[in-house]
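Beneath this line is the structure, given in structure tokens, with notes to follow.
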Amino acid sequence: MNGIEQTLIGGIAGGTAIVIPALGELTSELSGIVNLGTEGCMLAGALGAYAVTVATGSAEIGIAGGAVAGAIFGLLHAYLTVYRKADQLTSGLVIWFLALGVTGVLGTGYVNDAITPLPIVSVPGLSQVPWLGPILFRQDLLVYVGYFLVALIIFVLHRSRIGLLLRATGERPEVVSVAGIHPNVIQVVAVTVGALLAGIGGAQLSVGYVGTWFDDMTSGYGFVAVAVVLFASWRPLRVMVGAYVFGVALSAESVLQTNGIAINQYLLDALPYLVTLIALVVVSRRGGRKAPEALSRALTDVT
Amino acid sequence: MTKTSVNLENPQGYPEVPPKTDSVSPIVSRVREVLRRHKFAYLSVGTYIASMVVFGLIVFAKGSNPFSVFAVVVQSTMFNGGSIEQIVLRTVPISLAALAVAVPARAGLVNVGGEGQLIMGAIGAAGVGLAVGASVPGPLTWVLMALAGGIAGAVWAGIPVLMRTATGASEAVTTLLMNFVANDIMLYLIYQPWRDRFSSGQPQSQPLSQSAQLPSLFGSQLNLGVVVALALVIATWYLLKRSHWGFALKVVGGNQEAARRAGLPISRLLISSMLVGGALAGLGGMLNFAGLEIQLVPGITATFGYIAFLASWLGRHDPYKVLIAASLFSAIALSSNGIQLNFGLNGSIVDILLALIVIAPLFLSKNRKALTK
């Protein structure tokens with residue numbers, strides 16, 4: 001296995017921890033609510049998944065634990081921003097702080113617990129494809145969930161009534177009530193589902209890719225997910241590409257490390273963030289699609 | 001012809017209904033009246049009490065007595081010798097990073113990059129401080145470090161705002177990402193070029209020479225940085241509330257179209273607000289470094305930049321209120337040690353307390369909006 005292949009395998013596995021939360025953030029933002037708390041929801045998901053895995057011995061059941069943990073924090077954000085009209089960015093940061101505290105307090109007992117992480121599943125046939133096979137189809141369960149979610153979200157957004165309602169809510173919430181559904185309901189569901197996905201993304205870190213729990217283990221991935229959605233100009237396919245690029249940048253770092261290439265680790269650590277920043281500038285410069293109207297109103301209204 | 005008088009109020013001449021008297025006693029109705037008039041204040045107190053109850057329940061669930069935890073929070077911050085001074089010292093970086101949020105917020109910009117700007121300020125100060133060493137007199141070193149720190153912070157805030165004005169990239173996200181880059185730069189410096197070869201254990205930069213450290217005030221733990229920070233708060237208040245620039249920022253923040261028609265240079269105002277904010281946070285990082293830490297260590301800012309964002313929001317971006325909120329958060333952050341020592345709880349429990357303190361007013365956002373409407 002050469003370095004490039006190794007990097008790409010790790011990039012897909014690690015990138016999945018960004019793809020799934022980013023798709024969640026996309027859902028949330030399309031409804032007009034930005035969730036900076038995605039970072040916190042991921043953190044909660046990572047610990048929730050780990051704790052359930054320790055308790056049941058099954059990482060697959062653990063994923064459900066992560067999803068629920070993420071959704072709980074998402075529900076709080078949804079309630080504050082939708083029903084209490086709280087400032088979205090402040091509420092998001094508060095959710096993150098809350099999750100930092102809660103996972104810090106509840107997670108101390110789990111730092112030394114060992115688990116069996118999600119096993120690598122080879123897709124019969126496809127994994128035999130030369131070169132691409134092992135990269136794309138010799139991965140853990142959640143990586144496949146990631147692929148599936150991209151397809152599902154593209155379908156739901158553009159081919160279903162739910163997707164239409166969601167996008168309409170993000171553009172002009174008042175209009176949706178004509179369809180007989182209160183826009184608040186759609187926003188709460190969208191934010192909660194988004195947070196649930198963030199929780200699953202956290203699970204990919206704790207019981208999948210990394211396989212341990214430690215304090216603040218998401219280290220900014222949730223914020224990156226928010227950035228990815230922005231530079232993908234709310235298009236699911238671009239979200240996926242952006243997230244995997246970030247994943248590859250992350251894994252390039254560790255592959256370079258293990259091959260003893262003498263670049264300072266911390267300068268490499270900055271690389272994924274720099275890549276994201278540059279991508280943001282390039283895309284904004286080319287005038288990507290405009291943000292959903294309700295969202296841009298929320299982002300510029302500082303109160 | 002005699003005019004019959006018609007009672008306009010009661011033309012048909014129905015029997016008079018006695019006016020409805022309030023069935024409740026005047027005291028109760030008076031109480032109701034007061035409750036109605038000060039509804040928001042009572043709601044605020046109520047939500048704060050509720051959030052403290054939630055915190056107490058969490059503590060209780062972890063097997064500690066909530067009342068003794070609260071007692072320790074108060075005791076370790078208010079009545080412990082020297083802890084007030086410690087609070088004041090940590091208020092310096094938090095309040096200045098909070099002003100870095102408040103100034104751009106005036107112009108409608110969101111700066112979530114206080115953390116990175118604090119770090120860059122500390123790096124700038126450390127770079128100058130270590131390079132100059134003891135070769136020049138202390139006061140000159142302080143000035144040079146302050147310049148370096150302020151410029152470094154301004155640059156770190158300047159990059160995102162230039163991205164915003166040039167390409168429209170959301171500064172809320174770019175400032176956030178810049179934090180992680182700043183942290184990695186600092187770690188690189190600590191682990192390689194600036195590493196203190198003589199220390200064992202946790203890597204850290206070489207210490208600042210004695211003469212370059214900010215002098216203490218009257219033999220207390222406080223140092224010159226506290227005075228500087230207070231002066232900066234007052235100066236920021238003046239800039240925002242009394243200067244032409246501050247007024248122009250407010251116009252831009254309130255209605256960009258109106259500002260454009262009034263001929264205000266919008267881009268220049270946006271950029272300058274962010275540069276001033278970044279410089280304030282950079283100075284905060286410098287004062288924290290030269291007055292308190294004297295060495296760069298991993299986690300030197302301890303999420304102060306994010307706490308500052310919440311403090312600025314809690315203080316409604318008004319410099320004096322922001323200072324009060326920053327002091328409160330500084331005290332809470334400090335109480336983490338006491339809780340850890342006395343109860344063996346993870347120190348991050350104070351993050352929960354901090355979050356709950358902000359959730360209370362967030363919860364009331366709707367009522368507040370109704371109030372100001």
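Here, A, B, ... name the chains of the structure tokens in the order displayed, residue numbers run from 1 inside each chain, and ligands are numbered from 1 in the same displayed order.
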
Show me, as JSON lines, the residues of chain B having an atom within 8 Å of chain A, each with the closest atom pair and its distance in Å, using only C-alpha atoms.
{"residue": "B:Ala105", "atom": "CA", "partner": "A:Val302", "partner_atom": "CA", "distance": 6.6}
{"residue": "B:Gly108", "atom": "CA", "partner": "A:Val302", "partner_atom": "CA", "distance": 5.9}
{"residue": "B:Leu109", "atom": "CA", "partner": "A:Thr300", "partner_atom": "CA", "distance": 7.3}
{"residue": "B:Val110", "atom": "CA", "partner": "A:Val302", "partner_atom": "CA", "distance": 7.3}
{"residue": "B:Met163", "atom": "CA", "partner": "A:Val281", "partner_atom": "CA", "distance": 6.5}
{"residue": "B:Ala166", "atom": "CA", "partner": "A:Arg285", "partner_atom": "CA", "distance": 7.6}
{"residue": "B:Thr167", "atom": "CA", "partner": "A:Arg285", "partner_atom": "CA", "distance": 4.6}
{"residue": "B:Gly168", "atom": "CA", "partner": "A:Ser284", "partner_atom": "CA", "distance": 5.9}
{"residue": "B:Ala169", "atom": "CA", "partner": "A:Ser284", "partner_atom": "CA", "distance": 5.5}
{"residue": "B:Val173", "atom": "CA", "partner": "A:Ala227", "partner_atom": "CA", "distance": 6.1}
{"residue": "B:Thr174", "atom": "CA", "partner": "A:Leu277", "partner_atom": "CA", "distance": 6.5}
{"residue": "B:Leu176", "atom": "CA", "partner": "A:Phe223", "partner_atom": "CA", "distance": 7.5}
{"residue": "B:Leu177", "atom": "CA", "partner": "A:Tyr273", "partner_atom": "CA", "distance": 6.2}
{"residue": "B:Met178", "atom": "CA", "partner": "A:Tyr273", "partner_atom": "CA", "distance": 7.6}
{"residue": "B:Phe180", "atom": "CA", "partner": "A:Ala270", "partner_atom": "CA", "distance": 6.9}
{"residue": "B:Val181", "atom": "CA", "partner": "A:Ala270", "partner_atom": "CA", "distance": 5.0}
{"residue": "B:Asp184", "atom": "CA", "partner": "A:Tyr266", "partner_atom": "CA", "distance": 5.1}
{"residue": "B:Ile185", "atom": "CA", "partner": "A:Leu267", "partner_atom": "CA", "distance": 6.4}
{"residue": "B:Leu187", "atom": "CA", "partner": "A:Tyr266", "partner_atom": "CA", "distance": 6.1}
{"residue": "B:Tyr188", "atom": "CA", "partner": "A:Tyr266", "partner_atom": "CA", "distance": 5.1}
{"residue": "B:Tyr306", "atom": "CA", "partner": "A:Leu93", "partner_atom": "CA", "distance": 7.8}
{"residue": "B:Phe309", "atom": "CA", "partner": "A:Thr90", "partner_atom": "CA", "distance": 8.0}
{"residue": "B:Leu310", "atom": "CA", "partner": "A:Thr90", "partner_atom": "CA", "distance": 6.8}
{"residue": "B:Trp313", "atom": "CA", "partner": "A:Thr90", "partner_atom": "CA", "distance": 7.5}
{"residue": "B:Arg316", "atom": "CA", "partner": "A:Thr303", "partner_atom": "CA", "distance": 7.5}
{"residue": "B:Leu345", "atom": "CA", "partner": "A:Val105", "partner_atom": "CA", "distance": 6.8}
{"residue": "B:Asn346", "atom": "CA", "partner": "A:Val105", "partner_atom": "CA", "distance": 5.1}
{"residue": "B:Gly347", "atom": "CA", "partner": "A:Val105", "partner_atom": "CA", "distance": 7.7}
{"residue": "B:Ser348", "atom": "CA", "partner": "A:Gly101", "partner_atom": "CA", "distance": 4.8}
{"residue": "B:Ile349", "atom": "CA", "partner": "A:Gly101", "partner_atom": "CA", "distance": 4.9}
{"residue": "B:Val350", "atom": "CA", "partner": "A:Gly101", "partner_atom": "CA", "distance": 6.8}
{"residue": "B:Asp351", "atom": "CA", "partner": "A:Gly101", "partner_atom": "CA", "distance": 4.7}
{"residue": "B:Ile352", "atom": "CA", "partner": "A:Leu98", "partner_atom": "CA", "distance": 4.9}
{"residue": "B:Leu354", "atom": "CA", "partner": "A:Phe97", "partner_atom": "CA", "distance": 7.6}
{"residue": "B:Ala355", "atom": "CA", "partner": "A:Val94", "partner_atom": "CA", "distance": 5.2}
{"residue": "B:Leu356", "atom": "CA", "partner": "A:Leu98", "partner_atom": "CA", "distance": 7.6}
{"residue": "B:Val358", "atom": "CA", "partner": "A:Val94", "partner_atom": "CA", "distance": 7.1}
{"residue": "B:Ile359", "atom": "CA", "partner": "A:Val94", "partner_atom": "CA", "distance": 7.1}
{"residue": "B:Leu362", "atom": "CA", "partner": "A:Ala86", "partner_atom": "CA", "distance": 5.1}
{"residue": "B:Phe363", "atom": "CA", "partner": "A:Arg84", "partner_atom": "CA", "distance": 5.6}
{"residue": "B:Leu364", "atom": "CA", "partner": "A:Arg84", "partner_atom": "CA", "distance": 6.6}
{"residue": "B:Ser365", "atom": "CA", "partner": "A:Ala86", "partner_atom": "CA", "distance": 5.2}
{"residue": "B:Lys366", "atom": "CA", "partner": "A:Arg84", "partner_atom": "CA", "distance": 5.0}

As a PyMOL selection string, list the residues of stretch 45-260 of chain B assigned to helix (DSSP H, G or I) by DSSP on the backbone atoms of this structure.
-> chain B and resi 45-61+66-78+83-106+114-132+138-167+171-191+210-212+224-242+244-254+256-260

To one decimal in Å, tell me the separation between atom CA of B:Leu230 and atom CA of B:Ala152.
-> 20.9 Å

Can you work out which one of A:Ile61, A:Leu166, A:Leu197, A:Val111 has the shortest atom-to-atom distance to A:Pro183, counting only C-alpha atoms?
->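 Smallest separation from A:Pro183 among the options: A:Leu166.
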
Residues near A:Gly14, cut-off 10 Å, only C-alpha atoms, skip fewer than 5 positions along chain, as an MDAnalysis selection string | chainID A and resid 8:9 19 143 201 204:205 208:210 243:244 246:251

Looking at only C-alpha atoms, which of A:Asp216, A:Gln139, A:Gly45, A:Ile186 is the one that sits closest to A:Glu174?
->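 Of all the options, A:Ile186 lies closest to A:Glu174.
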
As a ChimeraX atom specification, please: all residues of stretch 111-247 of chain A that backbone DSSP puts in strand (DSSP E or B).
-> /A:120-122,138-140

Given the selection you just returned, output its residues as a file containing N, CA, C and O atoms, formatted as a tab-separated table (two decimals), in the first residue's frame.
chain	number	residue	atom	x	y	z
A	120	ILE	N	-14.24	-3.12	9.62
A	120	ILE	CA	-14.14	-2.76	8.20
A	120	ILE	C	-14.98	-3.76	7.40
A	120	ILE	O	-14.86	-4.97	7.58
A	121	VAL	N	-15.85	-3.24	6.57
A	121	VAL	CA	-16.70	-4.10	5.75
A	121	VAL	C	-16.29	-3.94	4.30
A	121	VAL	O	-16.27	-2.83	3.78
A	122	SER	N	-15.95	-5.06	3.65
A	122	SER	CA	-15.63	-4.99	2.22
A	122	SER	C	-16.89	-5.29	1.43
A	122	SER	O	-17.58	-6.27	1.70
A	138	ARG	N	-13.71	-0.54	1.04
A	138	ARG	CA	-13.19	-1.35	2.14
A	138	ARG	C	-13.11	-0.43	3.36
A	138	ARG	O	-12.02	-0.01	3.77
A	139	GLN	N	-14.29	-0.09	3.86
A	139	GLN	CA	-14.39	0.93	4.91
A	139	GLN	C	-15.37	0.48	5.97
A	139	GLN	O	-15.99	-0.58	5.85
A	140	ASP	N	-15.55	1.31	7.02
A	140	ASP	CA	-16.52	0.91	8.03
A	140	ASP	C	-17.94	1.31	7.61
A	140	ASP	O	-18.13	2.06	6.64
